[in-house]
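Here's the structure we're looking at; comments come further down.
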Amino acid sequence: METLVKVAACAVTVAILGTAVKTRSAELALALALGACAVLAAASLPLVRQAFSYLDELRETAALAPSLVSPVIKVCAVSMLTQFACAFCREAGQASAAKIVELCGGAAALCAMLPLMDAVLNMVREMLW
């Protein structure tokens with residue numbers, strides 16, 4: 001929670017600074033936003049590590065195969081990356097590129113979930129036969 005508050009406070013500060021800078025130089029404002037995103041993403045990494053560690057503990061406790069948990073983690077990663085890329089494209093005024101990234105992200109998430117769907121179908125087959 002503490003990390004989220006710090007990241008949010010920094011993001012709001014950068015947004016205010018970006019708005020002030022944008023009136024003089026749109027390129028500088030974009031560079032500021034990109035730099036801030038990189039720093040804030042790095043600051044968020046401990047939360048991501050903590051979440052993955054917890055998911056791994058849950059997987060071990062429930063005795064689940066990594067092949068069942070891995071697709072969920074991949075979809076989460078695809079979702080986060082898609083959101084970041086779309087927001088950056090929109091900030092740069094490239095709404096069309098953002099839409100393409102959304103489409104690609106949806107397809108990538110679907111592809112990441114296919115092994116899980118296959119594993120569930122195999123489990124159902126084993127139960128029925």
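Going by the structure tokens order, chains are called A, B, ..., each with residues numbered from 1, while ligands are numbered from 1 in the order shown.
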Do you have, as JSON lines, the list of residues of segment 28-99 of chain A lying at most 12 Å from segment 3-12 of chain A, each with its nearest atom pair and that distance in Å to one decimal, counting only C-alpha atoms and ordered by chain then number?
{"residue": "A:Leu32", "atom": "CA", "partner": "A:Ala11", "partner_atom": "CA", "distance": 11.0}
{"residue": "A:Ala33", "atom": "CA", "partner": "A:Ala11", "partner_atom": "CA", "distance": 9.0}
{"residue": "A:Leu34", "atom": "CA", "partner": "A:Ala11", "partner_atom": "CA", "distance": 11.3}
{"residue": "A:Gly35", "atom": "CA", "partner": "A:Ala11", "partner_atom": "CA", "distance": 11.1}
{"residue": "A:Ala36", "atom": "CA", "partner": "A:Ala11", "partner_atom": "CA", "distance": 7.5}
{"residue": "A:Cys37", "atom": "CA", "partner": "A:Ala11", "partner_atom": "CA", "distance": 8.2}
{"residue": "A:Ala38", "atom": "CA", "partner": "A:Ala11", "partner_atom": "CA", "distance": 11.3}
{"residue": "A:Val39", "atom": "CA", "partner": "A:Val7", "partner_atom": "CA", "distance": 9.3}
{"residue": "A:Leu40", "atom": "CA", "partner": "A:Val7", "partner_atom": "CA", "distance": 6.0}
{"residue": "A:Ala41", "atom": "CA", "partner": "A:Val7", "partner_atom": "CA", "distance": 8.7}
{"residue": "A:Ala42", "atom": "CA", "partner": "A:Val7", "partner_atom": "CA", "distance": 10.1}
{"residue": "A:Ala43", "atom": "CA", "partner": "A:Val7", "partner_atom": "CA", "distance": 7.3}
{"residue": "A:Ser44", "atom": "CA", "partner": "A:Thr3", "partner_atom": "CA", "distance": 7.0}
{"residue": "A:Leu45", "atom": "CA", "partner": "A:Thr3", "partner_atom": "CA", "distance": 9.8}
{"residue": "A:Pro46", "atom": "CA", "partner": "A:Thr3", "partner_atom": "CA", "distance": 8.6}
{"residue": "A:Leu47", "atom": "CA", "partner": "A:Thr3", "partner_atom": "CA", "distance": 7.8}
{"residue": "A:Val48", "atom": "CA", "partner": "A:Thr3", "partner_atom": "CA", "distance": 11.2}
{"residue": "A:Gln50", "atom": "CA", "partner": "A:Thr3", "partner_atom": "CA", "distance": 12.0}
Can you tell me, as an mmCIF file with C-alpha atoms, in the first residue's frame, what residues are no more than 12 Å from Lys99 of chain A when counting only C-alpha atoms, ignoring any on the same chain fewer than 2 positions away?
data_model
loop_
_atom_site.group_PDB
_atom_site.id
_atom_site.type_symbol
_atom_site.label_atom_id
_atom_site.label_comp_id
_atom_site.auth_asym_id
_atom_site.auth_seq_id
_atom_site.Cartn_x
_atom_site.Cartn_y
_atom_site.Cartn_z
ATOM 1 C CA THR A 82 -0.940 -3.630 -22.916
ATOM 2 C CA GLN A 83 -2.301 -0.986 -20.541
ATOM 3 C CA ALA A 85 1.671 0.732 -24.080
ATOM 4 C CA CYS A 86 -1.863 1.969 -24.810
ATOM 5 C CA ALA A 87 -1.592 4.797 -22.299
ATOM 6 C CA PHE A 88 1.747 5.855 -23.751
ATOM 7 C CA CYS A 89 0.399 5.777 -27.310
ATOM 8 C CA ARG A 90 -2.624 7.869 -26.315
ATOM 9 C CA GLY A 93 -1.551 11.341 -29.615
ATOM 10 C CA GLN A 94 -1.501 7.978 -31.379
ATOM 11 C CA ALA A 95 -4.997 6.611 -30.681
ATOM 12 C CA SER A 96 -4.866 4.284 -33.694
ATOM 13 C CA ALA A 97 -1.663 2.668 -32.464
ATOM 14 C CA VAL A 101 -1.930 -2.591 -29.178
ATOM 15 C CA GLU A 102 -5.252 -3.394 -27.471
ATOM 16 C CA LEU A 103 -6.146 -5.827 -30.244
ATOM 17 C CA CYS A 104 -2.726 -7.475 -30.096
ATOM 18 C CA GLY A 105 -2.906 -7.649 -26.291
ATOM 19 C CA GLY A 106 -6.258 -9.405 -26.449
#
**Request:** Would you list the contacts of Val72 of chain A as a list in words, taking every protein, DNA or RNA residue within 9 Å and counting only C-alpha atoms, but skipping same-chain residues closer than 5 positions in sequence?
**Result:** Ala77, Ala112, Met113 and Leu116 of chain A
**Request:** Just the residues within 9 Å of Pro115 of chain A, please, counting only C-alpha atoms, with nothing from its chain fewer than 6 positions along; format it as number ranges by chain.
**Result:** A: 67-68, 71
